[in-house]
>>> print(open('target-v1.json').read())   # JSON, C-alpha atoms
[["chain", "number", "residue", "atom", "x", "y", "z"],
["A", 1, "MET", "CA", -20.21, 6.55, 25.69],
["A", 2, "ILE", "CA", -16.94, 6.51, 27.54],
["A", 3, "PRO", "CA", -14.05, 7.19, 25.19],
["A", 4, "THR", "CA", -11.66, 4.28, 25.05],
["A", 5, "LEU", "CA", -8.20, 3.90, 23.62],
["A", 6, "ASN", "CA", -9.67, 3.21, 20.20],
["A", 7, "HIS", "CA", -11.41, 6.56, 20.16],
["A", 8, "TYR", "CA", -8.16, 8.36, 20.76],
["A", 9, "LEU", "CA", -6.37, 6.28, 18.17],
["A", 10, "LEU", "CA", -9.07, 6.99, 15.60],
["A", 11, "LEU", "CA", -8.88, 10.70, 16.31],
["A", 12, "SER", "CA", -5.12, 10.51, 15.94],
["A", 13, "ALA", "CA", -5.45, 8.65, 12.65],
["A", 14, "ILE", "CA", -7.83, 11.30, 11.31],
["A", 15, "LEU", "CA", -5.47, 14.09, 12.32],
["A", 16, "PHE", "CA", -2.52, 12.31, 10.76],
["A", 17, "ALA", "CA", -4.45, 11.83, 7.51],
["A", 18, "ILE", "CA", -5.34, 15.53, 7.50],
["A", 19, "GLY", "CA", -1.67, 16.38, 7.88],
["A", 20, "THR", "CA", -0.72, 13.99, 5.08],
["A", 21, "ALA", "CA", -3.32, 15.51, 2.80],
["A", 22, "GLY", "CA", -2.04, 18.96, 3.63],
["A", 23, "VAL", "CA", 1.52, 18.10, 2.66],
["A", 24, "PHE", "CA", 0.38, 16.88, -0.74],
["A", 25, "VAL", "CA", -2.49, 19.25, -1.49],
["A", 26, "ARG", "CA", -1.13, 22.64, -0.51],
["A", 27, "ARG", "CA", 1.41, 24.56, -2.54],
["A", 28, "ASN", "CA", 2.72, 26.88, 0.13],
["A", 29, "LEU", "CA", 5.87, 26.00, 2.01],
["A", 30, "ILE", "CA", 4.63, 27.44, 5.30],
["A", 31, "THR", "CA", 1.37, 25.51, 5.11],
["A", 32, "ILE", "CA", 3.31, 22.35, 4.36],
["A", 33, "LEU", "CA", 5.37, 22.90, 7.52],
["A", 34, "LEU", "CA", 2.14, 23.45, 9.46],
["A", 35, "SER", "CA", 0.79, 20.16, 8.09],
["A", 36, "ILE", "CA", 3.92, 18.42, 9.36],
["A", 37, "GLU", "CA", 3.19, 19.90, 12.78],
["A", 38, "ILE", "CA", -0.34, 18.45, 12.61],
["A", 39, "MET", "CA", 1.13, 15.02, 11.89],
["A", 40, "LEU", "CA", 3.57, 15.31, 14.80],
["A", 41, "ASN", "CA", 0.70, 16.24, 17.10],
["A", 42, "ALA", "CA", -1.32, 13.23, 15.98],
["A", 43, "VAL", "CA", 1.63, 11.02, 16.88],
["A", 44, "ASN", "CA", 1.92, 12.77, 20.24],
["A", 45, "LEU", "CA", -1.72, 12.02, 20.96],
["A", 46, "THR", "CA", -1.09, 8.36, 20.19],
["A", 47, "PHE", "CA", 1.87, 8.26, 22.56],
["A", 48, "VAL", "CA", -0.04, 9.85, 25.41],
["A", 49, "ALA", "CA", -3.06, 7.61, 24.87],
["A", 50, "PHE", "CA", -0.94, 4.47, 24.88],
["A", 51, "GLY", "CA", 0.94, 5.65, 27.95],
["A", 52, "ARG", "CA", -2.36, 6.17, 29.70],
["A", 53, "ALA", "CA", -3.60, 2.74, 28.62],
["A", 54, "LEU", "CA", -0.41, 1.04, 29.78],
["A", 55, "GLY", "CA", -0.19, 3.00, 33.01],
["A", 56, "SER", "CA", 3.29, 4.13, 32.10],
["A", 57, "VAL", "CA", 4.95, 7.52, 32.13],
["A", 58, "ASP", "CA", 7.22, 6.76, 29.18],
["A", 59, "GLY", "CA", 4.71, 7.97, 26.61],
["A", 60, "GLN", "CA", 4.78, 11.49, 27.99],
["A", 61, "ILE", "CA", 8.57, 11.51, 27.94],
["A", 62, "ILE", "CA", 8.60, 10.51, 24.29],
["A", 63, "VAL", "CA", 6.18, 13.36, 23.67],
["A", 64, "PHE", "CA", 8.70, 15.67, 25.30],
["A", 65, "PHE", "CA", 11.37, 14.52, 22.86],
["A", 66, "VAL", "CA", 9.03, 14.78, 19.90],
["A", 67, "MET", "CA", 8.26, 18.36, 20.84],
["A", 68, "THR", "CA", 11.97, 19.12, 21.01],
["A", 69, "VAL", "CA", 12.54, 17.69, 17.56],
["A", 70, "ALA", "CA", 9.51, 19.63, 16.29],
["A", 71, "ALA", "CA", 10.97, 22.86, 17.63],
["A", 72, "ALA", "CA", 14.33, 22.18, 15.97],
["A", 73, "GLU", "CA", 12.60, 21.22, 12.73],
["A", 74, "ALA", "CA", 10.49, 24.38, 12.75],
["A", 75, "ALA", "CA", 13.52, 26.59, 13.37],
["A", 76, "VAL", "CA", 15.67, 25.07, 10.63],
["A", 77, "GLY", "CA", 12.75, 24.68, 8.21],
["A", 78, "LEU", "CA", 11.65, 28.26, 8.58],
["A", 79, "ALA", "CA", 15.24, 29.44, 8.12],
["A", 80, "ILE", "CA", 15.39, 27.47, 4.87],
["A", 81, "VAL", "CA", 12.04, 28.97, 3.82],
["A", 82, "ILE", "CA", 13.42, 32.46, 4.44],
["A", 83, "GLY", "CA", 16.51, 31.65, 2.38],
["A", 84, "LEU", "CA", 14.41, 30.24, -0.47],
["A", 85, "PHE", "CA", 12.11, 33.24, -0.42],
["A", 86, "ARG", "CA", 15.10, 35.55, -0.77],
["A", 87, "HIS", "CA", 16.16, 33.72, -3.91],
["A", 88, "LYS", "CA", 12.87, 33.36, -5.78],
["A", 89, "ALA", "CA", 10.40, 35.67, -3.95],
["A", 90, "SER", "CA", 7.93, 32.80, -3.98],
["A", 91, "LEU", "CA", 6.72, 30.19, -1.53],
["A", 92, "ASN", "CA", 5.47, 27.77, -4.17],
["A", 93, "PRO", "CA", 7.47, 24.54, -3.92],
["A", 94, "ASP", "CA", 7.09, 24.06, -7.68],
["A", 95, "SER", "CA", 9.25, 27.10, -8.31],
["A", 96, "PHE", "CA", 12.24, 25.50, -6.61],
["A", 97, "ALA", "CA", 12.89, 22.96, -9.34],
["A", 98, "SER", "CA", 16.38, 24.02, -10.31],
["A", 99, "LEU", "CA", 17.84, 20.67, -9.34],
["A", 100, "LYS", "CA", 15.33, 18.78, -11.49],
["A", 101, "TRP", "CA", 16.58, 17.71, -14.87],
["B", 1, "MET", "CA", -18.75, 14.53, 26.53],
["B", 2, "LEU", "CA", -15.57, 16.52, 26.57],
["B", 3, "PHE", "CA", -13.68, 14.08, 24.38],
["B", 4, "TYR", "CA", -16.03, 14.59, 21.45],
["B", 5, "LEU", "CA", -16.01, 18.35, 21.90],
["B", 6, "PHE", "CA", -12.21, 18.56, 21.90],
["B", 7, "GLY", "CA", -11.90, 16.01, 19.12],
["B", 8, "ALA", "CA", -14.36, 17.87, 16.92],
["B", 9, "VAL", "CA", -12.56, 21.15, 17.55],
["B", 10, "ALA", "CA", -9.21, 19.57, 16.71],
["B", 11, "ILE", "CA", -10.45, 17.97, 13.49],
["B", 12, "VAL", "CA", -12.34, 21.03, 12.27],
["B", 13, "ALA", "CA", -9.47, 23.37, 13.07],
["B", 14, "SER", "CA", -6.96, 21.08, 11.34],
["B", 15, "LEU", "CA", -9.18, 20.84, 8.27],
["B", 16, "LEU", "CA", -9.46, 24.61, 8.16],
["B", 17, "VAL", "CA", -5.67, 24.89, 8.43],
["B", 18, "ILE", "CA", -5.49, 22.90, 5.20],
["B", 19, "ALA", "CA", -8.34, 24.82, 3.58],
["B", 20, "GLN", "CA", -7.13, 28.35, 4.28],
["B", 21, "ARG", "CA", -5.36, 30.33, 1.59],
["B", 22, "ASN", "CA", -3.88, 32.91, 3.92],
["B", 23, "PRO", "CA", -1.07, 31.43, 6.03],
["B", 24, "ILE", "CA", -1.80, 33.72, 8.97],
["B", 25, "TYR", "CA", -5.25, 32.19, 9.39],
["B", 26, "SER", "CA", -3.69, 28.75, 9.09],
["B", 27, "VAL", "CA", -1.29, 29.48, 11.94],
["B", 28, "LEU", "CA", -4.02, 30.88, 14.18],
["B", 29, "LEU", "CA", -6.31, 27.92, 13.49],
["B", 30, "LEU", "CA", -3.49, 25.54, 14.25],
["B", 31, "ILE", "CA", -3.13, 27.23, 17.64],
["B", 32, "ALA", "CA", -6.83, 26.47, 18.23],
["B", 33, "SER", "CA", -6.20, 22.86, 17.26],
["B", 34, "PHE", "CA", -3.32, 22.69, 19.72],
["B", 35, "GLY", "CA", -5.58, 24.05, 22.46],
["B", 36, "ALA", "CA", -8.08, 21.26, 21.80],
["B", 37, "LEU", "CA", -5.28, 18.69, 21.89],
["B", 38, "SER", "CA", -4.14, 20.13, 25.19],
["B", 39, "GLY", "CA", -7.62, 19.53, 26.57],
["B", 40, "LEU", "CA", -7.39, 15.94, 25.34],
["B", 41, "TYR", "CA", -4.11, 15.54, 27.20],
["B", 42, "VAL", "CA", -5.80, 16.74, 30.38],
["B", 43, "LEU", "CA", -8.51, 14.12, 29.81],
["B", 44, "LEU", "CA", -5.75, 11.52, 29.45],
["B", 45, "ASP", "CA", -4.27, 12.37, 32.88],
["B", 46, "ALA", "CA", -1.24, 14.07, 31.40],
["B", 47, "PRO", "CA", -1.35, 17.61, 32.73],
["B", 48, "PHE", "CA", 2.38, 18.14, 32.23],
["B", 49, "VAL", "CA", 2.12, 17.41, 28.51],
["B", 50, "ALA", "CA", -0.94, 19.65, 28.29],
["B", 51, "VAL", "CA", 0.93, 22.59, 29.80],
["B", 52, "ILE", "CA", 3.99, 21.92, 27.65],
["B", 53, "GLN", "CA", 1.76, 21.79, 24.60],
["B", 54, "ILE", "CA", 0.41, 25.25, 25.31],
["B", 55, "ILE", "CA", 3.71, 26.81, 26.35],
["B", 56, "VAL", "CA", 6.07, 25.28, 23.81],
["B", 57, "TYR", "CA", 3.85, 24.62, 20.81],
["B", 58, "ALA", "CA", 1.31, 27.41, 20.92],
["B", 59, "GLY", "CA", 3.64, 29.82, 22.68],
["B", 60, "ALA", "CA", 6.99, 29.33, 21.01],
["B", 61, "ILE", "CA", 6.78, 27.34, 17.78],
["B", 62, "MET", "CA", 3.61, 28.96, 16.48],
["B", 63, "VAL", "CA", 4.92, 32.42, 17.32],
["B", 64, "LEU", "CA", 7.99, 31.53, 15.28],
["B", 65, "PHE", "CA", 5.73, 30.54, 12.38],
["B", 66, "LEU", "CA", 3.70, 33.71, 12.75],
["B", 67, "PHE", "CA", 6.88, 35.76, 12.81],
["B", 68, "VAL", "CA", 8.11, 34.19, 9.59],
["B", 69, "VAL", "CA", 4.72, 34.59, 7.90],
["B", 70, "MET", "CA", 4.70, 38.28, 8.72],
["B", 71, "LEU", "CA", 8.37, 38.70, 7.84],
["B", 72, "LEU", "CA", 7.79, 37.24, 4.38],
["B", 73, "ASN", "CA", 4.66, 39.38, 4.00],
["B", 74, "ALA", "CA", 2.50, 36.25, 3.50],
["B", 75, "PRO", "CA", 2.18, 35.86, -0.24],
["B", 76, "HIS", "CA", -0.96, 33.97, -1.14],
["B", 77, "GLU", "CA", -0.91, 30.90, -3.28],
["B", 78, "ASP", "CA", -1.26, 31.21, -7.04],
["B", 79, "THR", "CA", -0.32, 34.83, -7.37],
["B", 80, "GLU", "CA", -0.42, 36.57, -10.72],
["B", 81, "GLU", "CA", 3.29, 36.46, -11.43],
["B", 82, "ASP", "CA", 3.22, 32.82, -10.49],
["B", 83, "LEU", "CA", 0.62, 32.11, -13.14],
["B", 84, "GLU", "CA", 2.49, 34.16, -15.72],
["B", 85, "THR", "CA", 5.71, 32.21, -15.51],
["B", 86, "PRO", "CA", 6.40, 29.99, -18.52],
["B", 87, "GLY", "CA", 5.71, 26.31, -18.28],
["B", 88, "VAL", "CA", 2.99, 26.82, -15.74],
["B", 89, "GLU", "CA", 0.55, 24.66, -17.67],
["B", 90, "ARG", "CA", 2.67, 21.56, -17.41],
["B", 91, "ARG", "CA", 3.44, 22.37, -13.80],
["B", 92, "GLN", "CA", -0.20, 22.76, -12.92],
["B", 93, "LEU", "CA", -1.03, 19.48, -14.58],
["B", 94, "ALA", "CA", 1.65, 17.76, -12.55],
["B", 95, "GLY", "CA", 0.44, 19.56, -9.44],
["B", 96, "ALA", "CA", -3.13, 18.39, -10.03],
["B", 97, "GLY", "CA", -1.95, 14.79, -10.30],
["B", 98, "VAL", "CA", 0.05, 15.07, -7.11],
["B", 99, "ARG", "CA", -2.89, 16.65, -5.33],
["B", 100, "ARG", "CA", -5.28, 13.96, -6.44],
["B", 101, "PHE", "CA", -2.81, 11.34, -5.30],
["B", 102, "GLY", "CA", -2.44, 13.12, -1.96],
["B", 103, "GLY", "CA", -6.17, 13.18, -1.37],
["B", 104, "LEU", "CA", -6.46, 9.54, -2.29],
["B", 105, "LEU", "CA", -3.57, 8.70, 0.01],
["B", 106, "ALA", "CA", -5.19, 10.52, 2.92],
["B", 107, "VAL", "CA", -8.55, 8.80, 2.42],
["B", 108, "GLY", "CA", -6.83, 5.45, 2.06],
["B", 109, "LEU", "CA", -4.87, 6.09, 5.25],
["B", 110, "ILE", "CA", -8.05, 6.82, 7.20],
["B", 111, "VAL", "CA", -9.82, 3.73, 5.84],
["B", 112, "GLU", "CA", -6.84, 1.51, 6.51],
["B", 113, "LEU", "CA", -6.29, 2.72, 10.05],
["B", 114, "TRP", "CA", -10.00, 2.54, 10.80],
["B", 115, "TRP", "CA", -10.12, -1.01, 9.57],
["B", 116, "ALA", "CA", -7.04, -1.98, 11.58],
["B", 117, "LEU", "CA", -8.43, -0.41, 14.73],
["B", 118, "THR", "CA", -11.92, -1.83, 14.53],
["B", 119, "LYS", "CA", -10.79, -5.28, 13.43],
["B", 120, "ASN", "CA", -8.85, -6.14, 16.54],
["B", 121, "GLY", "CA", -8.54, -4.57, 19.93],
["B", 122, "GLY", "CA", -12.15, -3.53, 20.26],
["B", 123, "GLU", "CA", -12.42, -5.28, 23.58],
["B", 124, "SER", "CA", -9.05, -4.28, 25.03],
["B", 125, "GLY", "CA", -9.53, -0.57, 24.47],
["B", 126, "ALA", "CA", -10.88, 0.45, 27.88],
["B", 127, "PHE", "CA", -8.54, 2.47, 30.03],
["B", 128, "PRO", "CA", -7.42, 1.13, 33.41],
["B", 129, "ALA", "CA", -8.01, 2.98, 36.62],
["B", 130, "PRO", "CA", -6.53, 6.45, 36.48],
["B", 131, "SER", "CA", -3.02, 6.70, 37.78],
["B", 132, "VAL", "CA", -2.06, 10.32, 37.91],
["B", 133, "ALA", "CA", 1.44, 10.69, 36.49],
["B", 134, "SER", "CA", 2.86, 13.53, 38.49],
["B", 135, "VAL", "CA", 5.52, 15.87, 37.22],
["B", 136, "ALA", "CA", 7.86, 14.41, 39.83],
["B", 137, "ALA", "CA", 7.51, 10.94, 38.31],
["B", 138, "ILE", "CA", 8.17, 12.34, 34.84],
["B", 139, "GLY", "CA", 11.22, 14.22, 36.03],
["B", 140, "ARG", "CA", 12.59, 11.22, 37.87],
["B", 141, "SER", "CA", 12.27, 9.05, 34.81],
["B", 142, "LEU", "CA", 13.64, 11.79, 32.58],
["B", 143, "PHE", "CA", 16.82, 12.18, 34.61],
["B", 144, "THR", "CA", 17.48, 8.52, 35.31],
["B", 145, "ALA", "CA", 16.32, 6.20, 32.55],
["B", 146, "TYR", "CA", 16.21, 8.85, 29.84],
["B", 147, "ALA", "CA", 19.22, 10.90, 30.93],
["B", 148, "PHE", "CA", 21.25, 10.26, 27.78],
["B", 149, "PRO", "CA", 18.47, 11.15, 25.30],
["B", 150, "PHE", "CA", 17.79, 14.22, 27.39],
["B", 151, "GLU", "CA", 21.38, 15.39, 27.02],
["B", 152, "VAL", "CA", 21.38, 14.57, 23.31],
["B", 153, "THR", "CA", 18.31, 16.79, 23.05],
["B", 154, "SER", "CA", 20.31, 19.76, 24.26],
["B", 155, "ILE", "CA", 22.91, 19.18, 21.57],
["B", 156, "LEU", "CA", 20.13, 18.90, 19.00],
["B", 157, "ILE", "CA", 18.72, 22.25, 20.06],
["B", 158, "LEU", "CA", 22.16, 23.84, 19.90],
["B", 159, "VAL", "CA", 22.78, 22.48, 16.41],
["B", 160, "ALA", "CA", 19.35, 23.63, 15.25],
["B", 161, "MET", "CA", 19.97, 27.11, 16.66],
["B", 162, "VAL", "CA", 23.34, 27.46, 14.94],
["B", 163, "GLY", "CA", 21.93, 26.06, 11.72],
["B", 164, "ALA", "CA", 18.98, 28.44, 11.73],
["B", 165, "VAL", "CA", 21.26, 31.42, 12.33],
["B", 166, "VAL", "CA", 23.61, 30.38, 9.54],
["B", 167, "LEU", "CA", 20.80, 29.64, 7.07],
["B", 168, "ALA", "CA", 18.76, 32.76, 7.68],
["B", 169, "ARG", "CA", 21.73, 35.14, 7.78],
["B", 170, "ARG", "CA", 22.08, 37.62, 5.00],
["B", 171, "GLU", "CA", 25.18, 37.36, 2.90],
["B", 172, "PRO", "CA", 27.86, 39.57, 4.39],
["B", 173, "ILE", "CA", 28.80, 42.66, 2.42],
["B", 174, "THR", "CA", 31.99, 41.63, 0.68],
["B", 175, "ARG", "CA", 34.51, 44.36, 0.11],
["B", 176, "SER", "CA", 36.20, 42.78, -2.83],
["B", 177, "PRO", "CA", 38.28, 45.18, -4.95],
["B", 178, "ARG", "CA", 36.55, 43.94, -8.11],
["B", 179, "ARG", "CA", 33.20, 45.34, -7.13],
["B", 180, "GLY", "CA", 34.46, 48.41, -5.33],
["B", 181, "SER", "CA", 32.56, 51.59, -5.95],
["B", 182, "PRO", "CA", 34.46, 54.46, -7.57],
["B", 183, "GLY", "CA", 34.65, 56.39, -4.36],
["B", 184, "SER", "CA", 35.86, 53.51, -2.29],
["B", 185, "PRO", "CA", 39.20, 54.02, -0.65],
["B", 186, "ASP", "CA", 40.36, 50.44, -1.08],
["B", 187, "VAL", "CA", 43.10, 51.03, -3.62],
["B", 188, "PRO", "CA", 45.14, 47.92, -4.20]]
>>> encode(input="target-v1.json", output="structure tokens")
Amino acid sequence: MIPTLNHYLLLSAILFAIGTAGVFVRRNLITILLSIEIMLNAVNLTFVAFGRALGSVDGQIIVFFVMTVAAAEAAVGLAIVIGLFRHKASLNPDSFASLKW
Amino acid sequence: MLFYLFGAVAIVASLLVIAQRNPIYSVLLLIASFGALSGLYVLLDAPFVAVIQIIVYAGAIMVLFLFVVMLLNAPHEDTEEDLETPGVERRQLAGAGVRRFGGLLAVGLIVELWWALTKNGGESGAFPAPSVASVAAIGRSLFTAYAFPFEVTSILILVAMVGAVVLARREPITRSPRRGSPGSPDVP
């Protein structure tokens, strides 16, 4: 069975759902950031598949930009995680509830 | 079929990323998932994206994650002092509700997307004849039509770099006279 565009889109949907579940289910800040990376990769797969289906090169260029944003997000997010860990010595997001009333 | 092999590897590795308790294993499994996605990009006639995926994602971003995991000494979830903190019962109840909602949301997302994909577009899903997008074509488009976003990207990276340095920096040792040690020479 030759994989069509729908196959790639379904795979991307499954990966995106896994990433969404990871953000909600896990209680570790680093794992939550990794789940966000899974979601970004699912979107990248969608872009490349649509670019291939449309015969256009624009999808790959958007992927380039998404990767850049992912790198910036990882750098800033991990810096924030380091700062939070210095304060509370914990990576559980439930322990950073000081702003909650 | 290579698509099913790579897709199965990507899904299983991503599921194991979620299921692992040790963050180091999560990072390494995510690198495996990225390798499978890179193979999918090769199947989609996008070799440039495949190489970038390996070099930038698996080579740079994941090494950054691994560095932070090892720098923070990788505390596992639900450690003892975490369970001993007061109010943990209420927090765990709330966490269970959020987790159940998250699982439901993920399942609902899969069902909804599956329904949307199989309902329409089943006949228009076949790929056209392969047109190999060379790196030259990507570069030409990147520096003509997408020149402004490309330059904005450089500013974004610069801002992220400065922000990461500022956020992760230790507080500088302040030599205020209030907290001066007895042997300090800073006499007002």
>>> residues_around(input="target-v1.json", residues="Leu91 (chain A)", least_positions_apart="6", cutoff="7 Å", atoms="only C-alpha atoms", output="count of residues only")
3
>>> interface_residues(input="target-v1.json", of="chain B", to="chain A", cutoff="7 Å", atoms="all atoms listed in the file", output="mmCIF file with C-alpha atoms, in the frame of the given file")
data_model
loop_
_atom_site.group_PDB
_atom_site.id
_atom_site.type_symbol
_atom_site.label_atom_id
_atom_site.label_comp_id
_atom_site.auth_asym_id
_atom_site.auth_seq_id
_atom_site.Cartn_x
_atom_site.Cartn_y
_atom_site.Cartn_z
ATOM 1 C CA PHE B 3 -13.680 14.080 24.380
ATOM 2 C CA GLY B 7 -11.900 16.010 19.120
ATOM 3 C CA ILE B 11 -10.450 17.970 13.490
ATOM 4 C CA SER B 14 -6.960 21.080 11.340
ATOM 5 C CA LEU B 15 -9.180 20.840 8.270
ATOM 6 C CA ILE B 18 -5.490 22.900 5.200
ATOM 7 C CA PRO B 23 -1.070 31.430 6.030
ATOM 8 C CA LEU B 44 -5.750 11.520 29.450
ATOM 9 C CA VAL B 49 2.120 17.410 28.510
ATOM 10 C CA ILE B 61 6.780 27.340 17.780
ATOM 11 C CA VAL B 68 8.110 34.190 9.590
ATOM 12 C CA GLU B 77 -0.910 30.900 -3.280
ATOM 13 C CA VAL B 98 0.050 15.070 -7.110
ATOM 14 C CA ARG B 99 -2.890 16.650 -5.330
ATOM 15 C CA GLY B 102 -2.440 13.120 -1.960
ATOM 16 C CA GLY B 103 -6.170 13.180 -1.370
ATOM 17 C CA ALA B 106 -5.190 10.520 2.920
ATOM 18 C CA LEU B 109 -4.870 6.090 5.250
ATOM 19 C CA ILE B 110 -8.050 6.820 7.200
ATOM 20 C CA LEU B 113 -6.290 2.720 10.050
ATOM 21 C CA TRP B 114 -10.000 2.540 10.800
ATOM 22 C CA LEU B 117 -8.430 -0.410 14.730
ATOM 23 C CA GLY B 125 -9.530 -0.570 24.470
ATOM 24 C CA ALA B 126 -10.880 0.450 27.880
ATOM 25 C CA PHE B 127 -8.540 2.470 30.030
ATOM 26 C CA PRO B 128 -7.420 1.130 33.410
ATOM 27 C CA SER B 131 -3.020 6.700 37.780
ATOM 28 C CA ALA B 133 1.440 10.690 36.490
ATOM 29 C CA ILE B 138 8.170 12.340 34.840
ATOM 30 C CA LEU B 142 13.640 11.790 32.580
ATOM 31 C CA ILE B 157 18.720 22.250 20.060
ATOM 32 C CA ALA B 160 19.350 23.630 15.250
ATOM 33 C CA GLY B 163 21.930 26.060 11.720
ATOM 34 C CA ALA B 164 18.980 28.440 11.730
ATOM 35 C CA LEU B 167 20.800 29.640 7.070
ATOM 36 C CA ALA B 168 18.760 32.760 7.680
#
>>> atom_distance(input="target-v1.json", atom1="CA of Thr153 (chain B)", atom2="CA of Gly39 (chain B)")
26.3 Å
>>> axis_aligned_box(input="target-v1.json", around="region 11-19 of chain A", padding_each_side="5 Å", output="JSON")
{"center_x": -5.3, "center_y": 12.5, "center_z": 11.9, "size_x": 17.2, "size_y": 17.7, "size_z": 18.8}
>>> atom_distance(input="target-v1.json", atom1="CA of Met70 (chain B)", atom2="CA of Ala58 (chain B)")
16.7 Å
>>> atom_distance(input="target-v1.json", atom1="CA of Ala32 (chain B)", atom2="CA of Ala13 (chain B)")
6.6 Å
>>> build_atoms(input="target-v1.json", residues="region 84-96 of chain A", atoms="N, CA and C atoms", output="PDB file, in the frame of the given file")
ATOM      1  N   LEU A  84      15.003  30.500   0.846  1.00  0.00           N
ATOM      2  CA  LEU A  84      14.410  30.240  -0.470  1.00  0.00           C
ATOM      3  C   LEU A  84      13.615  31.446  -0.948  1.00  0.00           C
ATOM      4  N   PHE A  85      12.921  32.082  -0.024  1.00  0.00           N
ATOM      5  CA  PHE A  85      12.110  33.240  -0.420  1.00  0.00           C
ATOM      6  C   PHE A  85      12.996  34.387  -0.880  1.00  0.00           C
ATOM      7  N   ARG A  86      14.186  34.505  -0.313  1.00  0.00           N
ATOM      8  CA  ARG A  86      15.100  35.550  -0.770  1.00  0.00           C
ATOM      9  C   ARG A  86      15.564  35.288  -2.189  1.00  0.00           C
ATOM     10  N   HIS A  87      15.666  34.029  -2.561  1.00  0.00           N
ATOM     11  CA  HIS A  87      16.160  33.720  -3.910  1.00  0.00           C
ATOM     12  C   HIS A  87      15.085  33.941  -4.955  1.00  0.00           C
ATOM     13  N   LYS A  88      13.878  33.390  -4.726  1.00  0.00           N
ATOM     14  CA  LYS A  88      12.870  33.360  -5.780  1.00  0.00           C
ATOM     15  C   LYS A  88      11.681  34.266  -5.503  1.00  0.00           C
ATOM     16  N   ALA A  89      11.573  34.844  -4.314  1.00  0.00           N
ATOM     17  CA  ALA A  89      10.400  35.670  -3.950  1.00  0.00           C
ATOM     18  C   ALA A  89       9.107  34.905  -4.164  1.00  0.00           C
ATOM     19  N   SER A  90       9.119  33.627  -3.842  1.00  0.00           N
ATOM     20  CA  SER A  90       7.930  32.800  -3.980  1.00  0.00           C
ATOM     21  C   SER A  90       7.977  31.724  -2.917  1.00  0.00           C
ATOM     22  N   LEU A  91       6.796  31.288  -2.498  1.00  0.00           N
ATOM     23  CA  LEU A  91       6.720  30.190  -1.530  1.00  0.00           C
ATOM     24  C   LEU A  91       6.170  28.929  -2.174  1.00  0.00           C
ATOM     25  N   ASN A  92       5.983  28.955  -3.481  1.00  0.00           N
ATOM     26  CA  ASN A  92       5.470  27.770  -4.170  1.00  0.00           C
ATOM     27  C   ASN A  92       6.582  26.747  -4.299  1.00  0.00           C
ATOM     28  N   PRO A  93       6.385  25.529  -3.801  1.00  0.00           N
ATOM     29  CA  PRO A  93       7.470  24.540  -3.920  1.00  0.00           C
ATOM     30  C   PRO A  93       7.774  24.153  -5.349  1.00  0.00           C
ATOM     31  N   ASP A  94       6.822  24.387  -6.281  1.00  0.00           N
ATOM     32  CA  ASP A  94       7.090  24.060  -7.680  1.00  0.00           C
ATOM     33  C   ASP A  94       8.090  25.007  -8.313  1.00  0.00           C
ATOM     34  N   SER A  95       8.318  26.158  -7.710  1.00  0.00           N
ATOM     35  CA  SER A  95       9.250  27.100  -8.310  1.00  0.00           C
ATOM     36  C   SER A  95      10.685  26.834  -7.876  1.00  0.00           C
ATOM     37  N   PHE A  96      10.882  25.854  -7.024  1.00  0.00           N
ATOM     38  CA  PHE A  96      12.240  25.500  -6.610  1.00  0.00           C
ATOM     39  C   PHE A  96      12.610  24.183  -7.266  1.00  0.00           C
TER      40      PHE A  96
END
